[in-house]
Amino acid sequence: MVRGANHTLMAATFCPSLPQHFKPTPIIKFHKSSFSFKVFSSQSSKDEVPTRVGFLGLGIMGSPMAQNLIKAGCDVTVWNRTKSKCDPLIDLGAKYKPSPAEVAASCDVTFAMLADPESAMVVACGEDGAASGMSPGKGYVDVSTVDGPTSKLINGQITETGALFLEAPVSGSKKPAEDGQLIFLTAGDKSLYEKVAPYLDIMGKSRFYLGDVGNGAAMKLVVNMIMGSMMTSFAEGLLLSEKVGLDPSVVVEVISQGAISAPMFSLKGPAMVQSKYPTAFPLKHQQKDMRLALGLAESVSQSTPIAAAANELYKVAKSHGLSDSDFSAVIEALKVKLKD
C-alpha cells in the first residue's frame, strides 16, 4: 500500500483546488520480469496485443525508466533529440520514431521526461510535437518536473485532441530510476492514471494521485525545495566542522545515527568530504526547481527565505561551471564564499 493514505493533505495554500482529504490509489504490486497488457479501450476487447508505449526524452532519468519498461516486456517506441541516446534502447528491443508526433501517433500512451518547462512545452506542443500525434483514446503522461502553469498549458493542448493527460513528476534520482524505485506524484485524468498504473509500478515503488492538474507539479516543487535547502545546510555543517578541527566524515556518521538521519546525507556525505560529486541529479536541475518553487511561493505570498538563500548558492555554483555536476557540488559555492 502507498504510505500516507490516511494523512490529511495541507496543500490548500499552494493548490486551492486540492481536496483537504484524499486517499491515494493503493499500489498494485506486479512481478517486474514479464507483463502482458491489453490495448486501450479504442481497440476491441478481444485484442490481446500488448499496449504500445512511447517514451520521449532519454536523459539521466528517462533512459533507465524506458529501459525498465522494455525489460518488463513492454512494446516501447522511443525518441530523443540526440538520436544516439536511443541506440542502447533500440538494442534492447525498442522501436524508434524521428519525432514526438510520430511516437504519439504510433502509441496508445506516451511518457515524456524532459529537462525543463521549455523543453516539455516544445516536445508536447511545438512543431511535430506529441500533441500533433494525439487523438481520442490515447494518453500523454508527462513525468518531467515543470511548474503548474506549464503543466496546465500542456494539458490543454493534449485534451483538445480528445486524448487524456496525466502529470506525473517523480521523486528520485538516477539510482532509483535504474532500480525502479521512483515515487510518482500524479494529477489529472483519473481514468488514465488507472490505465497506466502498471507502468508506474514497473518504474517506481509508490504512486500518489493528487487530483487536478497542477497539484502534482506543486508537490514535486515543494519536495525539491526542501531537498535543496537541506543540502545547502548539510554542506555548511561539513565545512564548519572542518574549520573547527572536526573530521567531517565523523559528522556524517553521527548524523546517520541521529534524529536528522536522511538517506541523502548518508549517500552524498562521504563523496562530498572528498570533493567528489558523481552526478545523480544535476545541479542545474536542482537550481531550476528552486527557482520554480520560489515562483510558486510568490504566487501565494508565502515567505521562503531559507529556500531563497539556498537558491543563491546554487546559482553561484552554476557560475563556477558546476551545472552538470551533482547538486551536492553546491558545497563548492560555500568554499568560494569563504575565500572571498
# chains A, B, ... in the order shown; residues from 1 in each chain; ligands from 1
>>> select_by_dssp(residues="region 94-256 of chain A", states="helix (DSSP H, G or I)", output="NGL selection string")
:A and (100-106 or 117-125 or 130-133 or 148-160 or 174-179 or 190-203 or 215-243 or 248-256)
>>> select_by_dssp(residues="region 34-156 of chain A", states="strand (DSSP E)", output="list in words")
Arg52, Val53, Gly54, Phe55, Leu56, Asp75, Val76, Thr77, Val78, Trp79, Lys95, Tyr96, Val109, Thr110, Phe111, Ala112, Gly139, Tyr140, Val141 and Asp142 of chain A
>>> closest_residue(among="A:Pro263, A:Gly62, A:Asn311, A:Val273", to="Ser249 (chain A)", atoms="only C-alpha atoms")
A:Val273
>>> residues_around(residues="Gly162 (chain A)", least_positions_apart="5", cutoff="10 Å", atoms="only C-alpha atoms", output="PDB file with N, CA and C atoms, in the first residue's frame")
ATOM      1  N   MET A 134      -1.635  13.040 -31.240  1.00  0.00           N
ATOM      2  CA  MET A 134      -2.650  12.579 -30.295  1.00  0.00           C
ATOM      3  C   MET A 134      -4.034  12.514 -30.941  1.00  0.00           C
ATOM      4  N   SER A 135      -4.875  11.668 -30.388  1.00  0.00           N
ATOM      5  CA  SER A 135      -6.255  11.532 -30.853  1.00  0.00           C
ATOM      6  C   SER A 135      -7.059  10.853 -29.752  1.00  0.00           C
ATOM      7  N   PRO A 136      -8.391  10.860 -29.842  1.00  0.00           N
ATOM      8  CA  PRO A 136      -9.202  10.235 -28.797  1.00  0.00           C
ATOM      9  C   PRO A 136      -8.778   8.796 -28.514  1.00  0.00           C
ATOM     10  N   GLY A 137      -8.713   8.447 -27.236  1.00  0.00           N
ATOM     11  CA  GLY A 137      -8.329   7.104 -26.832  1.00  0.00           C
ATOM     12  C   GLY A 137      -6.869   6.984 -26.451  1.00  0.00           C
ATOM     13  N   LYS A 138      -6.053   7.981 -26.824  1.00  0.00           N
ATOM     14  CA  LYS A 138      -4.641   7.956 -26.466  1.00  0.00           C
ATOM     15  C   LYS A 138      -4.411   8.693 -25.141  1.00  0.00           C
ATOM     16  N   GLY A 139      -3.237   8.497 -24.573  1.00  0.00           N
ATOM     17  CA  GLY A 139      -2.899   9.165 -23.321  1.00  0.00           C
ATOM     18  C   GLY A 139      -1.494   9.735 -23.353  1.00  0.00           C
ATOM     19  N   GLN A 157      -3.470  21.561 -24.478  1.00  0.00           N
ATOM     20  CA  GLN A 157      -3.147  21.174 -25.852  1.00  0.00           C
ATOM     21  C   GLN A 157      -3.447  19.700 -26.118  1.00  0.00           C
TER      22      GLN A 157
END
>>> closest_residue(among="A:Val78, A:Met272, A:Ala280, A:Ala187", to="Pro248 (chain A)", atoms="only C-alpha atoms")
A:Met272
>>> closest_residue(among="A:Thr51, A:Thr82, A:Thr145, A:Ser191", to="Arg291 (chain A)", atoms="only C-alpha atoms")
A:Thr145
>>> atom_distance(atom1="CA of Asp147 (chain A)", atom2="CA of Gln286 (chain A)")
13.5 Å
>>> atom_distance(atom1="CA of Val103 (chain A)", atom2="CA of Thr150 (chain A)")
21.5 Å
>>> residues_around(residues="Tyr193 (chain A)", least_positions_apart="4", cutoff="8 Å", atoms="only C-alpha atoms", output="MDAnalysis selection string")
chainID A and resid 166 186 188:189 197 209
>>> write_last_selection(atoms="N, CA, C and O atoms", output="JSON list (two decimals), in the first residue's frame")
[["chain", "number", "residue", "atom", "x", "y", "z"],
["A", 166, "LEU", "N", -2.07, 13.20, -18.02],
["A", 166, "LEU", "CA", -1.71, 12.99, -16.62],
["A", 166, "LEU", "C", -0.33, 13.58, -16.39],
["A", 166, "LEU", "O", 0.60, 13.30, -17.15],
["A", 186, "THR", "N", 1.19, 12.12, -9.11],
["A", 186, "THR", "CA", 0.34, 12.27, -10.30],
["A", 186, "THR", "C", -0.87, 13.15, -10.05],
["A", 186, "THR", "O", -1.38, 13.27, -8.93],
["A", 188, "GLY", "N", -4.42, 14.77, -12.64],
["A", 188, "GLY", "CA", -5.01, 14.88, -13.96],
["A", 188, "GLY", "C", -6.11, 13.85, -14.13],
["A", 188, "GLY", "O", -6.87, 13.56, -13.19],
["A", 189, "ASP", "N", -6.19, 13.27, -15.32],
["A", 189, "ASP", "CA", -7.28, 12.36, -15.64],
["A", 189, "ASP", "C", -7.17, 11.06, -14.82],
["A", 189, "ASP", "O", -6.20, 10.32, -14.96],
["A", 197, "ALA", "N", -1.24, 2.74, -14.37],
["A", 197, "ALA", "CA", -0.71, 2.30, -13.07],
["A", 197, "ALA", "C", 0.27, 1.14, -13.19],
["A", 197, "ALA", "O", 1.31, 1.14, -12.51],
["A", 209, "TYR", "N", -2.05, 9.82, -6.23],
["A", 209, "TYR", "CA", -2.94, 10.57, -7.11],
["A", 209, "TYR", "C", -3.42, 11.79, -6.34],
["A", 209, "TYR", "O", -4.04, 11.67, -5.28]]
>>> residues_around(residues="Ile70 (chain A)", least_positions_apart="6", cutoff="8 Å", atoms="only C-alpha atoms", output="PDB file with N, CA, C and O atoms, in the first residue's frame")
ATOM      1  N   VAL A  76       7.834  -0.745 -26.587  1.00  0.00           N
ATOM      2  CA  VAL A  76       8.221   0.651 -26.376  1.00  0.00           C
ATOM      3  C   VAL A  76       8.794   1.265 -27.652  1.00  0.00           C
ATOM      4  O   VAL A  76       9.623   0.663 -28.327  1.00  0.00           O
ATOM      5  N   LEU A  89      18.657   1.616 -26.244  1.00  0.00           N
ATOM      6  CA  LEU A  89      17.314   1.091 -26.032  1.00  0.00           C
ATOM      7  C   LEU A  89      16.821   0.318 -27.245  1.00  0.00           C
ATOM      8  O   LEU A  89      16.118  -0.686 -27.098  1.00  0.00           O
ATOM      9  N   LEU A  92      17.998  -3.008 -27.011  1.00  0.00           N
ATOM     10  CA  LEU A  92      17.222  -3.818 -26.067  1.00  0.00           C
ATOM     11  C   LEU A  92      15.863  -4.242 -26.619  1.00  0.00           C
ATOM     12  O   LEU A  92      15.166  -5.024 -25.995  1.00  0.00           O
ATOM     13  N   GLY A  93      15.500  -3.685 -27.788  1.00  0.00           N
ATOM     14  CA  GLY A  93      14.241  -4.082 -28.415  1.00  0.00           C
ATOM     15  C   GLY A  93      13.259  -2.964 -28.666  1.00  0.00           C
ATOM     16  O   GLY A  93      12.153  -3.210 -29.172  1.00  0.00           O
ATOM     17  N   ALA A  94      13.630  -1.724 -28.337  1.00  0.00           N
ATOM     18  CA  ALA A  94      12.720  -0.603 -28.569  1.00  0.00           C
ATOM     19  C   ALA A  94      12.643  -0.264 -30.051  1.00  0.00           C
ATOM     20  O   ALA A  94      13.577  -0.498 -30.809  1.00  0.00           O
TER      21      ALA A  94
END
>>> closest_residue(among="A:Gly258, A:Pro98, A:Pro64, A:Pro169", to="Ala120 (chain A)", atoms="only C-alpha atoms")
A:Pro169
>>> atom_distance(atom1="CA of Val123 (chain A)", atom2="CA of Val143 (chain A)")
12.7 Å
>>> residues_around(residues="Gly54 (chain A)", least_positions_apart="5", cutoff="9 Å", atoms="only C-alpha atoms", output="list in words")
Ala66, Asp75, Val76, Thr77, Val78, Trp79, Pro100, Val103, Ala104, Ser106, Cys107, Asp108, Val109, Thr110, Phe111 and Ala112 of chain A
>>> residues_around(residues="Ala307 (chain A)", least_positions_apart="6", cutoff="8 Å", atoms="only C-alpha atoms", output="list in words")
Met225, Ile226, Gly228, Ser229, Met290 and Leu294 of chain A
>>> closest_residue(among="A:Gly216, A:Gly321, A:Pro149, A:Gly129", to="Ser299 (chain A)", atoms="only C-alpha atoms")
A:Pro149
